[in-house]
Structures are given as C-alpha cells and as structure tokens.
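As provided, protein33.txt (compact mmCIF, C-alpha atoms) reads as follows.
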# COMPACT_ATOMS: atom_id res chain seq x y z
CA MET A 1 31.65 11.05 0.46
CA SER A 2 28.51 9.80 2.20
CA GLU A 3 27.98 6.09 2.61
CA ARG A 4 25.17 4.78 0.44
CA ILE A 5 22.24 2.63 1.51
CA ALA A 6 20.25 0.89 -1.21
CA PHE A 7 16.45 0.79 -1.14
CA VAL A 8 14.27 -1.40 -3.35
CA ALA A 9 10.57 -0.51 -3.38
CA GLY A 10 8.25 -2.48 -5.63
CA GLU A 11 5.10 -0.38 -5.81
CA ALA A 12 3.43 2.88 -4.78
CA SER A 13 2.86 1.75 -1.18
CA GLY A 14 6.56 0.91 -0.80
CA ASP A 15 7.47 4.34 -2.15
CA LEU A 16 5.21 5.88 0.51
CA LEU A 17 6.80 3.82 3.28
CA ALA A 18 10.41 4.36 2.26
CA ALA A 19 10.40 8.09 1.48
CA PRO A 20 10.38 9.35 5.11
CA VAL A 21 13.17 6.92 6.02
CA VAL A 22 15.28 8.10 3.07
CA ALA A 23 14.76 11.68 4.26
CA ALA A 24 15.71 10.78 7.84
CA LEU A 25 18.92 9.04 6.72
CA ARG A 26 19.91 12.08 4.68
CA ARG A 27 19.38 14.29 7.78
CA HIS A 28 21.42 11.98 9.98
CA ASP A 29 24.82 13.08 11.27
CA PRO A 30 26.72 11.89 9.35
CA PRO A 31 24.25 11.81 6.44
CA TYR A 32 23.70 8.73 4.29
CA ALA A 33 22.98 8.73 0.57
CA ALA A 34 20.22 6.52 -0.84
CA ALA A 35 19.80 4.84 -4.22
CA GLY A 36 17.92 1.95 -5.77
CA ILE A 37 14.46 1.20 -7.13
CA ALA A 38 12.45 4.26 -6.12
CA GLY A 39 9.15 5.99 -6.67
CA ASP A 40 8.41 9.69 -6.99
CA ARG A 41 8.21 10.28 -3.21
CA MET A 42 11.55 8.57 -2.61
CA VAL A 43 13.18 10.61 -5.38
CA ALA A 44 11.74 13.81 -3.88
CA ALA A 45 13.25 12.76 -0.53
CA GLY A 46 16.68 12.48 -2.17
CA CYS A 47 16.92 8.87 -3.35
CA GLU A 48 18.82 8.26 -6.60
CA ALA A 49 16.57 6.15 -8.84
CA TRP A 50 18.38 3.33 -10.60
CA HIS A 51 14.92 2.20 -11.72
CA HIS A 52 11.35 3.40 -11.07
CA VAL A 53 8.98 1.36 -8.91
CA ARG A 54 6.58 0.95 -11.82
CA GLU A 55 9.09 -1.49 -13.34
CA LEU A 56 8.25 -3.90 -10.50
CA SER A 57 4.51 -3.23 -10.30
CA VAL A 58 3.28 -6.63 -11.45
CA ARG A 59 0.62 -8.62 -9.60
CA GLY A 60 -0.84 -12.10 -9.88
CA TYR A 61 0.94 -15.39 -10.55
CA VAL A 62 0.21 -15.62 -14.26
CA GLU A 63 1.19 -12.00 -14.82
CA VAL A 64 4.49 -12.45 -12.93
CA LEU A 65 5.34 -15.56 -14.98
CA ARG A 66 4.90 -13.54 -18.15
CA GLU A 67 7.25 -10.83 -16.84
CA LEU A 68 9.70 -13.19 -15.11
CA PRO A 69 12.64 -12.96 -17.56
CA ARG A 70 12.60 -9.17 -17.37
CA LEU A 71 12.30 -9.18 -13.57
CA LEU A 72 15.21 -11.61 -13.21
CA ARG A 73 17.40 -9.42 -15.43
CA LEU A 74 16.40 -6.40 -13.38
CA ARG A 75 17.25 -8.14 -10.12
CA ARG A 76 20.67 -9.24 -11.41
CA GLY A 77 21.38 -5.70 -12.52
CA VAL A 78 20.43 -4.24 -9.15
CA PHE A 79 22.64 -6.76 -7.34
CA ASP A 80 25.60 -5.89 -9.56
CA ARG A 81 25.12 -2.19 -8.75
CA LEU A 82 24.87 -2.95 -5.02
CA VAL A 83 28.25 -4.65 -5.11
CA ALA A 84 29.87 -2.13 -7.44
CA SER A 85 28.60 0.81 -5.35
CA ARG A 86 29.79 -0.81 -2.10
CA CYS A 87 26.45 -0.09 -0.47
CA ALA A 88 26.51 -0.11 3.35
CA ALA A 89 23.19 -1.98 3.45
CA LEU A 90 20.22 -3.07 1.39
CA VAL A 91 16.68 -2.22 2.55
CA GLY A 92 14.06 -4.22 0.69
CA VAL A 93 10.70 -2.47 1.04
CA ASP A 94 7.81 -4.94 0.94
CA SER A 95 7.56 -6.82 -2.46
CA PRO A 96 8.87 -10.02 -0.82
CA ASP A 97 8.80 -12.20 -3.93
CA PHE A 98 11.36 -9.88 -5.53
CA ASN A 99 13.21 -8.59 -2.49
CA LEU A 100 13.81 -11.68 -0.36
CA ALA A 101 15.83 -13.37 -3.10
CA LEU A 102 17.78 -10.16 -3.71
CA GLU A 103 18.41 -9.76 0.03
CA ALA A 104 19.62 -13.35 0.38
CA LYS A 105 22.10 -12.83 -2.45
CA ALA A 106 23.27 -9.50 -1.03
CA ARG A 107 23.67 -11.03 2.43
CA GLY A 108 25.77 -13.79 0.91
CA ALA A 109 27.99 -11.10 -0.59
CA GLY A 110 28.52 -9.54 2.84
CA ILE A 111 26.01 -6.68 2.52
CA PRO A 112 23.80 -6.22 5.62
CA THR A 113 20.11 -6.57 4.78
CA VAL A 114 16.93 -5.15 6.25
CA HIS A 115 13.44 -6.11 5.13
CA TYR A 116 10.94 -3.30 5.71
CA VAL A 117 7.36 -4.57 6.17
CA SER A 118 6.86 -8.17 7.13
CA PRO A 119 5.33 -10.38 4.46
CA SER A 120 1.86 -11.40 5.62
CA ILE A 121 3.04 -14.68 7.12
CA TRP A 122 0.18 -14.29 9.61
CA ALA A 123 -2.33 -14.39 6.76
CA TRP A 124 -0.97 -16.97 4.31
CA ARG A 125 2.20 -18.63 3.06
CA GLY A 126 3.62 -19.10 6.56
CA GLY A 127 6.62 -20.92 5.06
CA ARG A 128 7.95 -17.52 4.04
CA ILE A 129 9.37 -17.01 7.52
CA GLU A 130 12.22 -19.40 6.68
CA ARG A 131 12.98 -17.38 3.56
CA ILE A 132 13.02 -14.26 5.71
CA ARG A 133 15.43 -15.91 8.17
CA LYS A 134 17.87 -16.59 5.31
CA ALA A 135 17.44 -13.20 3.64
CA ALA A 136 17.20 -10.50 6.30
CA ASP A 137 19.50 -9.50 9.14
CA ARG A 138 16.56 -7.54 10.58
CA VAL A 139 12.89 -6.99 9.77
CA LEU A 140 11.13 -3.66 10.32
CA LEU A 141 7.54 -4.26 11.41
CA VAL A 142 4.65 -1.86 10.81
CA PHE A 143 2.03 -3.73 12.88
CA PRO A 144 2.50 -4.33 16.63
CA PHE A 145 1.13 -7.90 16.73
CA GLU A 146 3.94 -9.06 14.41
CA GLN A 147 6.62 -8.61 17.08
CA GLU A 148 5.65 -11.80 18.93
CA ILE A 149 5.75 -13.85 15.70
CA TYR A 150 9.35 -12.86 15.03
CA HIS A 151 10.36 -13.21 18.68
CA ARG A 152 9.12 -16.82 18.65
CA ALA A 153 10.98 -17.47 15.40
CA GLY A 154 14.22 -15.97 16.76
CA ILE A 155 14.51 -13.44 13.92
CA PRO A 156 15.69 -9.91 14.85
CA ALA A 157 12.83 -7.50 14.29
CA SER A 158 11.85 -3.98 15.33
CA TYR A 159 8.35 -2.52 15.51
CA VAL A 160 8.65 0.96 13.99
CA GLY A 161 4.98 1.84 13.61
CA HIS A 162 3.31 2.76 10.34
CA PRO A 163 4.46 6.09 8.86
CA MET A 164 1.01 6.86 7.52
CA ALA A 165 -0.36 6.91 11.07
CA SER A 166 1.82 9.98 11.75
CA GLU A 167 1.25 11.53 8.33
CA ILE A 168 -2.56 11.28 8.42
CA PRO A 169 -4.35 13.53 10.96
CA MET A 170 -6.29 11.91 13.78
CA ASP A 171 -9.21 14.25 12.98
CA PRO A 172 -9.50 14.61 9.19
CA ASP A 173 -11.03 17.82 7.82
CA ALA A 174 -13.35 16.90 4.95
CA GLU A 175 -14.33 20.49 4.17
CA ALA A 176 -10.71 21.65 3.88
CA ALA A 177 -9.88 18.68 1.63
CA ARG A 178 -12.87 19.45 -0.59
CA ALA A 179 -11.73 23.04 -0.89
CA ARG A 180 -8.21 21.86 -1.89
CA LEU A 181 -9.76 19.70 -4.60
CA GLY A 182 -12.08 22.47 -5.81
CA LEU A 183 -15.17 20.58 -4.67
CA ASP A 184 -16.99 23.29 -2.74
CA GLY A 185 -20.68 22.57 -3.18
CA ALA A 186 -19.90 19.53 -5.34
CA ALA A 187 -22.55 17.35 -3.71
CA GLY A 188 -26.10 18.15 -2.85
CA ARG A 189 -27.16 18.21 0.77
CA GLY A 190 -27.39 14.65 2.09
CA SER A 191 -25.81 13.15 -1.02
CA PRO A 192 -22.48 11.37 -0.62
CA ILE A 193 -19.10 12.05 -2.10
CA VAL A 194 -17.55 8.64 -2.78
CA ALA A 195 -13.87 7.99 -3.49
CA LEU A 196 -12.98 5.22 -5.95
CA LEU A 197 -9.54 3.65 -5.38
CA PRO A 198 -9.08 0.72 -7.78
CA GLY A 199 -5.36 0.29 -7.06
CA SER A 200 -2.00 1.52 -8.30
CA ARG A 201 -1.10 -1.29 -10.70
CA ARG A 202 -2.21 -1.53 -14.30
CA ALA A 203 -3.78 -4.97 -13.86
CA GLU A 204 -5.74 -3.78 -10.81
CA VAL A 205 -7.14 -0.78 -12.64
CA GLU A 206 -7.95 -3.00 -15.63
CA TYR A 207 -9.92 -5.52 -13.57
CA ILE A 208 -11.37 -3.41 -10.75
CA GLY A 209 -11.74 0.03 -12.33
CA PRO A 210 -14.77 -0.83 -14.50
CA VAL A 211 -16.50 -2.56 -11.58
CA PHE A 212 -16.04 0.49 -9.35
CA LEU A 213 -17.33 2.81 -12.07
CA ASP A 214 -20.38 0.57 -12.56
CA ALA A 215 -20.89 0.55 -8.79
CA ALA A 216 -20.75 4.36 -8.88
CA ARG A 217 -23.57 4.26 -11.43
CA GLU A 218 -25.63 2.13 -9.02
CA ILE A 219 -24.95 4.55 -6.15
CA ALA A 220 -25.95 7.49 -8.37
CA ARG A 221 -29.32 5.86 -9.00
CA ALA A 222 -29.97 5.89 -5.25
CA HIS A 223 -28.43 9.37 -4.78
CA PRO A 224 -28.80 11.40 -8.00
CA ALA A 225 -26.70 14.26 -6.55
CA ALA A 226 -23.83 11.98 -5.51
CA ARG A 227 -20.33 12.81 -6.73
CA PHE A 228 -17.29 10.57 -7.18
CA LEU A 229 -13.56 11.12 -6.79
CA LEU A 230 -11.03 9.03 -8.68
CA PRO A 231 -7.31 9.55 -7.95
CA VAL A 232 -5.16 8.01 -10.70
CA ALA A 233 -2.11 6.54 -8.97
CA ASP A 234 0.23 6.69 -11.96
CA ARG A 235 0.11 8.92 -15.02
CA SER A 236 0.83 5.92 -17.21
CA LEU A 237 -2.67 4.68 -16.30
CA ARG A 238 -4.39 7.85 -17.44
CA ALA A 239 -5.37 6.64 -20.93
CA MET A 240 -6.91 3.44 -19.55
CA VAL A 241 -8.87 5.36 -16.93
CA GLU A 242 -10.08 7.92 -19.45
CA SER A 243 -11.34 5.11 -21.70
CA GLN A 244 -13.18 3.44 -18.83
CA ILE A 245 -14.83 6.71 -17.84
CA ALA A 246 -15.75 7.72 -21.39
CA SER A 247 -17.76 4.51 -21.86
CA ARG A 248 -19.93 5.42 -18.85
CA PRO A 249 -21.31 8.91 -19.59
CA GLU A 250 -23.80 8.79 -16.71
CA VAL A 251 -20.84 8.47 -14.32
CA GLN A 252 -18.55 10.81 -16.24
CA GLU A 253 -20.73 13.86 -15.63
CA ARG A 254 -20.53 13.47 -11.85
CA LEU A 255 -16.94 12.21 -11.53
CA HIS A 256 -13.84 14.23 -10.63
CA TRP A 257 -10.54 12.53 -11.35
CA PHE A 258 -7.06 13.59 -10.37
CA ASP A 259 -3.42 12.74 -11.00
CA GLY A 260 -2.55 11.25 -7.62
CA ARG A 261 -3.96 13.09 -4.57
CA SER A 262 -5.43 9.93 -3.08
CA HIS A 263 -5.06 11.31 0.46
CA ASP A 264 -6.99 14.46 -0.43
CA CYS A 265 -9.70 12.30 -1.98
CA LEU A 266 -9.90 10.07 1.10
CA GLU A 267 -10.09 13.06 3.43
CA ALA A 268 -12.74 14.74 1.28
CA CYS A 269 -15.09 11.81 0.81
CA ASP A 270 -17.97 10.32 2.81
CA GLY A 271 -17.24 6.72 1.81
CA VAL A 272 -14.76 4.67 -0.22
CA LEU A 273 -14.71 1.81 -2.68
CA VAL A 274 -11.17 0.49 -2.37
CA ALA A 275 -9.10 -2.36 -3.77
CA SER A 276 -7.49 -4.65 -1.23
CA GLY A 277 -4.07 -3.38 -0.22
CA THR A 278 -2.41 -0.56 1.67
CA ALA A 279 -5.12 1.88 0.58
CA THR A 280 -7.55 0.06 2.88
CA LEU A 281 -5.39 1.12 5.84
CA GLU A 282 -5.20 4.68 4.51
CA ALA A 283 -9.00 4.80 4.31
CA ALA A 284 -9.25 3.51 7.89
CA LEU A 285 -6.78 6.14 9.15
CA TYR A 286 -8.93 8.79 7.48
CA LYS A 287 -11.87 7.23 9.43
CA ARG A 288 -13.92 6.64 6.29
CA PRO A 289 -16.57 3.93 5.82
CA MET A 290 -15.47 1.63 3.03
CA VAL A 291 -16.15 -1.47 1.01
CA ILE A 292 -13.07 -3.51 0.11
CA ALA A 293 -13.15 -5.30 -3.23
CA TYR A 294 -10.70 -7.28 -5.31
CA ARG A 295 -10.73 -9.04 -8.65
CA MET A 296 -7.97 -10.73 -10.62
CA PRO A 297 -7.75 -13.12 -13.58
CA ALA A 298 -9.45 -16.46 -12.85
CA SER A 299 -6.16 -18.35 -13.27
CA SER A 300 -4.39 -16.26 -10.59
CA ALA A 301 -7.38 -16.55 -8.26
CA TRP A 302 -7.36 -20.35 -8.67
CA ILE A 303 -3.68 -20.54 -7.68
CA MET A 304 -4.28 -18.39 -4.60
CA ARG A 305 -7.15 -20.62 -3.50
CA ARG A 306 -4.96 -23.71 -3.92
CA ILE A 307 -2.28 -22.18 -1.69
CA GLY A 308 -4.86 -21.27 0.91
CA GLY A 309 -4.56 -18.93 3.86
CA TYR A 310 -4.81 -18.55 7.60
CA LEU A 311 -7.15 -15.56 7.90
CA PRO A 312 -10.66 -15.04 6.55
CA TRP A 313 -9.94 -11.42 5.54
CA VAL A 314 -7.84 -9.57 2.96
CA GLY A 315 -8.44 -6.00 4.16
CA LEU A 316 -6.00 -4.54 6.69
CA PRO A 317 -8.73 -2.91 8.83
CA ASN A 318 -10.36 -6.31 9.37
CA ILE A 319 -7.02 -8.06 9.95
CA LEU A 320 -5.94 -5.47 12.53
CA ALA A 321 -9.34 -5.58 14.23
CA GLY A 322 -9.42 -9.40 14.24
CA GLU A 323 -12.99 -9.33 12.98
CA THR A 324 -15.06 -8.02 10.11
CA ILE A 325 -15.60 -4.31 10.70
CA VAL A 326 -15.83 -3.34 7.01
CA PRO A 327 -17.42 -5.34 4.16
CA GLU A 328 -15.25 -7.31 1.74
CA ARG A 329 -16.43 -8.38 -1.71
CA LEU A 330 -13.92 -10.57 -3.52
CA GLN A 331 -13.67 -12.14 -6.97
CA GLU A 332 -17.13 -13.52 -7.95
CA GLN A 333 -18.77 -11.49 -5.16
CA ALA A 334 -17.15 -8.28 -6.39
CA THR A 335 -20.02 -7.24 -8.64
CA ALA A 336 -21.09 -3.64 -9.10
CA PRO A 337 -24.56 -4.12 -7.52
CA ALA A 338 -23.12 -5.99 -4.51
CA ILE A 339 -20.39 -3.41 -3.91
CA ALA A 340 -22.77 -0.47 -4.30
CA ARG A 341 -25.37 -2.04 -2.01
CA ALA A 342 -22.77 -2.71 0.68
CA LEU A 343 -21.56 0.90 0.69
CA LEU A 344 -25.09 2.32 0.64
CA ASP A 345 -25.97 0.16 3.66
CA VAL A 346 -22.90 1.37 5.56
CA LEU A 347 -23.61 5.03 4.75
CA ALA A 348 -27.21 4.66 5.91
CA ASP A 349 -26.24 3.18 9.30
CA GLU A 350 -25.38 6.21 11.47
CA ALA A 351 -24.86 4.21 14.69
CA GLY A 352 -22.66 1.74 12.83
CA ARG A 353 -20.54 4.57 11.46
CA ARG A 354 -19.99 5.93 14.97
CA ARG A 355 -18.84 2.52 16.22
CA LEU A 356 -16.58 2.16 13.20
CA HIS A 357 -15.04 5.58 13.88
CA GLU A 358 -14.14 4.49 17.43
CA ARG A 359 -12.42 1.35 16.11
CA TYR A 360 -10.51 3.39 13.55
CA CYS A 361 -9.27 5.83 16.23
CA ALA A 362 -7.96 3.00 18.43
CA MET A 363 -6.23 1.48 15.38
CA HIS A 364 -4.66 4.83 14.51
CA GLU A 365 -3.23 5.27 18.03
CA SER A 366 -1.68 1.79 18.02
CA LEU A 367 0.18 2.49 14.77
CA ARG A 368 1.44 6.01 15.50
CA ARG A 369 5.18 6.10 16.25
CA ASP A 370 8.15 8.20 15.08
CA THR A 371 8.68 5.73 12.26
CA PRO A 372 11.50 7.48 10.32
CA VAL A 373 13.63 7.83 13.46
CA LEU A 374 12.96 4.27 14.66
CA ALA A 375 13.58 2.77 11.20
CA THR A 376 16.79 4.77 10.73
CA ALA A 377 18.09 3.63 14.12
CA ALA A 378 17.32 -0.01 13.31
CA ILE A 379 19.01 0.17 9.89
CA LEU A 380 22.15 1.78 11.30
CA GLN A 381 22.23 -0.70 14.19
CA THR A 382 22.11 -3.53 11.63
CA ILE A 383 25.06 -2.04 9.77
CA GLU A 384 27.05 -1.59 13.00
CA THR A 385 26.30 -5.15 14.17
CA ALA A 386 27.47 -6.55 10.83
CA ARG A 387 30.70 -4.55 11.02
CA ARG A 388 31.43 -5.79 14.52
CA GLY A 389 31.09 -9.27 13.08

As structure tokens, how would this structure be written, given the file I've shared?
Amino acid sequence: MSERIAFVAGEASGDLLAAPVVAALRRHDPPYAAAGIAGDRMVAAGCEAWHHVRELSVRGYVEVLRELPRLLRLRRGVFDRLVASRCAALVGVDSPDFNLALEAKARGAGIPTVHYVSPSIWAWRGGRIERIRKAADRVLLVFPFEQEIYHRAGIPASYVGHPMASEIPMDPDAEAARARLGLDGAAGRGSPIVALLPGSRRAEVEYIGPVFLDAAREIARAHPAARFLLPVADRSLRAMVESQIASRPEVQERLHWFDGRSHDCLEACDGVLVASGTATLEAALYKRPMVIAYRMPASSAWIMRRIGGYLPWVGLPNILAGETIVPERLQEQATAPAIARALLDVLADEAGRRRLHERYCAMHESLRRDTPVLATAAILQTIETARRG
C-alpha cells in the first residue's frame, strides 16, 4: 500500500498550487497517495477529498469569528484523521491562520510538516515567522526574494517557483482563447474585452462583484461595443452572480459569464478588473493590463488597519516589482467610477502598456521553475530527515 501524504488547501488558489504536486507524488517511484482538504483540481490529480476547499473559504476577521466553532471542529477532525491514517507528512497549502495551528499540532504528534507558500510576513504580521518556526519543518517558497528572509531566520525553506509560471504561456494567444470561449467577433474593432474577476469566495463576490459590474457599465459608456467576461469561480456562487447581473440589464446584454475558465478569460481579454489575491499574479503572467480592487466589511477593514503593514501595496505584481506598476483601488477608493477610469486610462496608454509588458515578462521568467518536481523533492526530503531523527 502506498504511503499517504495529507494536503490541506483552504481556497481555490491553494487547489491550483497543490494539484500539480499531488500529481507528481502519485507519479513518483514509489508512488505516494494524497488525501485531505482538496479542491476540484486536486481531486482530478488523484487526491482523496476528506473535505472540499470551499469549507475553508472564509475571509475577513468578523466573518472568521462567526465561523470559528465550525472551523475548529473541522481542524480537530482533520488532525484525528491524520493520526489515524498514519500520514507520512502534512502539507499545509497557504491558509496560514488555519494551517499553522494544524501543522504545529501534527508536528507535536510526530508527523513531519511542510508549509507550502509563505505567509506574507514581508507585507504584514511579521510576528507570524515565529509561528512558522514552531509549525513547519520546511517551507516551500513561491517567490525568490523570500529565500533570504527564511535564511536569516534559520528556518529550512526551498524556493520551488510558482507553478502558474510554467502553466501559463509566455506569449498568450488572445485570438485562440476567444475562439475557445466562442467570442469570435464579440467586440467591435477598437473596443475592449474586459475580464471581471471579483474573487473566489462568497464574501468577495458579494462585496466586489456589484462594484465591478457597475464599473463595467461605466466602461461601456466610453466604449459602447465593449464586452465583458465573468468567470464564476465556484458553482455555488452562480445564483448570487446571476442576481447581480440581472439587476444591471445594460451590462447583462454585453456580458459573457462562465463556470470557471478564468485562465481562458484572462488570455482572451484586453484588460482586467481583479480582486486582490492570486488572480492578480495570474493576470500579470497573462501580460494583461489590470486594475486591482478590494472591498470588505468596514469592521474587518478597521481591524486590518489597526494591525498595520510593511508594504504600501496589496497586489502581487506591485509587490514583486517593488513599485506601483498597476493601479490599486482599495476600500473607500474602490468605487465603480474610479476603477473604470483607472482601467480606461491604462488601456489608452499604448507606451505604458508596452513598458508593463516588459515588466511582466521579466516577472514571469523569475518565477518559472519545475515546481512539481522541486516541491516533491523537498517534501520527501523532509520526511526522510524526520525519519533519520
């Protein structure tokens, strides 16, 4: 019987990151089984789903407090299965508020632990690095600048690259993507196709979805032949999205929405309105101009401001560049007119788009590694080190 490695992914981005590693472990000689909290991609790669990632997809402090009893029960249940299944290791994929505590408990029970994707200690909540030290035997890093942070802290870490940098082509083909989506001739000459990515979590779609749709209405006033693409990250969000669209008939007639297919939408579009998160990196790898926006309940935003941060940006393209290369509109600034105006300005600046494309290409090259192979090697090395004691 194959040894089993547990994976715990907390949202759609974690599912995307973990799936190629699950597949690589199953191809290894000898092969390893995988089980845990998984999304659709992980399941397709061969991971047994004890729970679906949507059960962890909660954002914001107030929202987490409301769900805390359920999340604690879920975490206890996963730990019990880890022990009962005699898992060879636990790989916590992002979602540090859930995973670091689970990893620390598993490590205390003698299970080797790997945390995949460093929490953004370089952006805010730097005290997390001590939690990581207690929780993880090794950290898998997706950004190259993080290696020095962990080296200074004396925490074992391996830069494995970002799997999306290998999955996404260096030279996207917008026409081919439009054909795949059935969009041939969808936009008039000179009129943009704009992708709307309000996030994968229910609360994100609730707060940001209407703003993006209203921004689309503003863009359509400037470009009457413009078209809009809306990939719905999870089918459970379909009813909410349909309601938001139905209340905006002037947008509805020019909007194409899809179950998933966010990568096709990004490759097909001319510009993107995107919620802060991993999708901002995906948009950059597809070399698309974008405006990053984020809104959350006022109570959660107040707590985040009180905690404070180290960086002036929330978008990964700006963080990786070390400067503002794409506009960000957050909280009170994330209004439909402001977001629409920012994207229209970017789309109208041809020289600026060329410079942005060059920055995106350099970013893409820095992140492209054989991530599944490197991550698999690091996980198995962690198991072997633990067994040698």

Gln381 of chain A surroundings by all atoms listed in the file, 12 Å radius, close-in-sequence under 3 positions cut, as a PDB file with C-alpha atoms, in the frame of the given file:
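See out.pdb below for the written result:
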ATOM      1  CA  ALA A  88      26.510  -0.110   3.350  1.00  0.00           C
ATOM      2  CA  ALA A  89      23.190  -1.980   3.450  1.00  0.00           C
ATOM      3  CA  PRO A 112      23.800  -6.220   5.620  1.00  0.00           C
ATOM      4  CA  THR A 113      20.110  -6.570   4.780  1.00  0.00           C
ATOM      5  CA  VAL A 114      16.930  -5.150   6.250  1.00  0.00           C
ATOM      6  CA  ASP A 137      19.500  -9.500   9.140  1.00  0.00           C
ATOM      7  CA  ARG A 138      16.560  -7.540  10.580  1.00  0.00           C
ATOM      8  CA  PRO A 156      15.690  -9.910  14.850  1.00  0.00           C
ATOM      9  CA  ALA A 157      12.830  -7.500  14.290  1.00  0.00           C
ATOM     10  CA  SER A 158      11.850  -3.980  15.330  1.00  0.00           C
ATOM     11  CA  LEU A 374      12.960   4.270  14.660  1.00  0.00           C
ATOM     12  CA  ALA A 375      13.580   2.770  11.200  1.00  0.00           C
ATOM     13  CA  THR A 376      16.790   4.770  10.730  1.00  0.00           C
ATOM     14  CA  ALA A 377      18.090   3.630  14.120  1.00  0.00           C
ATOM     15  CA  ALA A 378      17.320  -0.010  13.310  1.00  0.00           C
ATOM     16  CA  GLU A 384      27.050  -1.590  13.000  1.00  0.00           C
ATOM     17  CA  THR A 385      26.300  -5.150  14.170  1.00  0.00           C
ATOM     18  CA  ALA A 386      27.470  -6.550  10.830  1.00  0.00           C
ATOM     19  CA  ARG A 387      30.700  -4.550  11.020  1.00  0.00           C
ATOM     20  CA  ARG A 388      31.430  -5.790  14.520  1.00  0.00           C
TER      21      ARG A 388
END

*Within 7 Å of Val91 of chain A, counting all atoms listed in the file, which residues qualify if same-chain residues fewer than 4 places away don't, as a ChimeraX atom specification?*
/A:6-8,113-116

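Put simply, atom CA of Arg26 of chain A is 21.6 Å away from atom CA of Val142 of chain A.
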
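Every protein, DNA or RNA residue with an atom at most 9 Å from segment 259-267 of chain A, where only C-alpha atoms count and chain neighbours fewer than 5 positions away do not, is listed here: Ile168, Pro172, Asp173, Ala174, Glu175, Ala176, Ala177, Arg178, Arg180, Leu181, Val194, Ala195, Leu196, Leu197, Leu229, Leu230, Pro231, Val232, Ala233, Asp234, Arg235, Arg238, Val272, Ala279, Glu282, Ala283, Tyr286, Lys287 and Arg288 of chain A.
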
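Here atom CA of His162 of chain A stands at a distance of 27.9 Å from atom CA of Phe79 of chain A.
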
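Across the model, the gap from atom CA of Ala19 of chain A to atom CA of Gly46 of chain A is 8.5 Å.
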
*Nearest to Ala215 of chain A, chosen from A:Val160, A:Glu250, A:Glu11, A:Ala268, with only C-alpha atoms counted in the distances*: A:Glu250

Taking 4 positions as the minimum chain separation for residues in the same chain, which residues sit within 12 Å of Arg201 of chain A when counting only C-alpha atoms? Answer as a PDB file with C-alpha atoms, in the coordinates of the input.
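Contents of part-v1.pdb, as written:
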ATOM      1  CA  GLY A  10       8.250  -2.480  -5.630  1.00  0.00           C
ATOM      2  CA  GLU A  11       5.100  -0.380  -5.810  1.00  0.00           C
ATOM      3  CA  ALA A  12       3.430   2.880  -4.780  1.00  0.00           C
ATOM      4  CA  SER A  13       2.860   1.750  -1.180  1.00  0.00           C
ATOM      5  CA  VAL A  53       8.980   1.360  -8.910  1.00  0.00           C
ATOM      6  CA  ARG A  54       6.580   0.950 -11.820  1.00  0.00           C
ATOM      7  CA  GLU A  55       9.090  -1.490 -13.340  1.00  0.00           C
ATOM      8  CA  LEU A  56       8.250  -3.900 -10.500  1.00  0.00           C
ATOM      9  CA  SER A  57       4.510  -3.230 -10.300  1.00  0.00           C
ATOM     10  CA  VAL A  58       3.280  -6.630 -11.450  1.00  0.00           C
ATOM     11  CA  ARG A  59       0.620  -8.620  -9.600  1.00  0.00           C
ATOM     12  CA  GLY A  60      -0.840 -12.100  -9.880  1.00  0.00           C
ATOM     13  CA  GLU A  63       1.190 -12.000 -14.820  1.00  0.00           C
ATOM     14  CA  LEU A 197      -9.540   3.650  -5.380  1.00  0.00           C
ATOM     15  CA  VAL A 205      -7.140  -0.780 -12.640  1.00  0.00           C
ATOM     16  CA  GLU A 206      -7.950  -3.000 -15.630  1.00  0.00           C
ATOM     17  CA  TYR A 207      -9.920  -5.520 -13.570  1.00  0.00           C
ATOM     18  CA  ILE A 208     -11.370  -3.410 -10.750  1.00  0.00           C
ATOM     19  CA  GLY A 209     -11.740   0.030 -12.330  1.00  0.00           C
ATOM     20  CA  VAL A 232      -5.160   8.010 -10.700  1.00  0.00           C
ATOM     21  CA  ALA A 233      -2.110   6.540  -8.970  1.00  0.00           C
ATOM     22  CA  ASP A 234       0.230   6.690 -11.960  1.00  0.00           C
ATOM     23  CA  ARG A 235       0.110   8.920 -15.020  1.00  0.00           C
ATOM     24  CA  SER A 236       0.830   5.920 -17.210  1.00  0.00           C
ATOM     25  CA  LEU A 237      -2.670   4.680 -16.300  1.00  0.00           C
ATOM     26  CA  ARG A 238      -4.390   7.850 -17.440  1.00  0.00           C
ATOM     27  CA  MET A 240      -6.910   3.440 -19.550  1.00  0.00           C
ATOM     28  CA  VAL A 241      -8.870   5.360 -16.930  1.00  0.00           C
ATOM     29  CA  ALA A 275      -9.100  -2.360  -3.770  1.00  0.00           C
ATOM     30  CA  SER A 276      -7.490  -4.650  -1.230  1.00  0.00           C
ATOM     31  CA  GLY A 277      -4.070  -3.380  -0.220  1.00  0.00           C
ATOM     32  CA  MET A 296      -7.970 -10.730 -10.620  1.00  0.00           C
TER      33      MET A 296
END

*List the neighbours of Arg131 of chain A out to 9 Å using only C-alpha atoms; skip same-chain residues closer than 6 positions along the sequence, and give me the result as a VMD selection string.*
chain A and resid 100 to 101 104
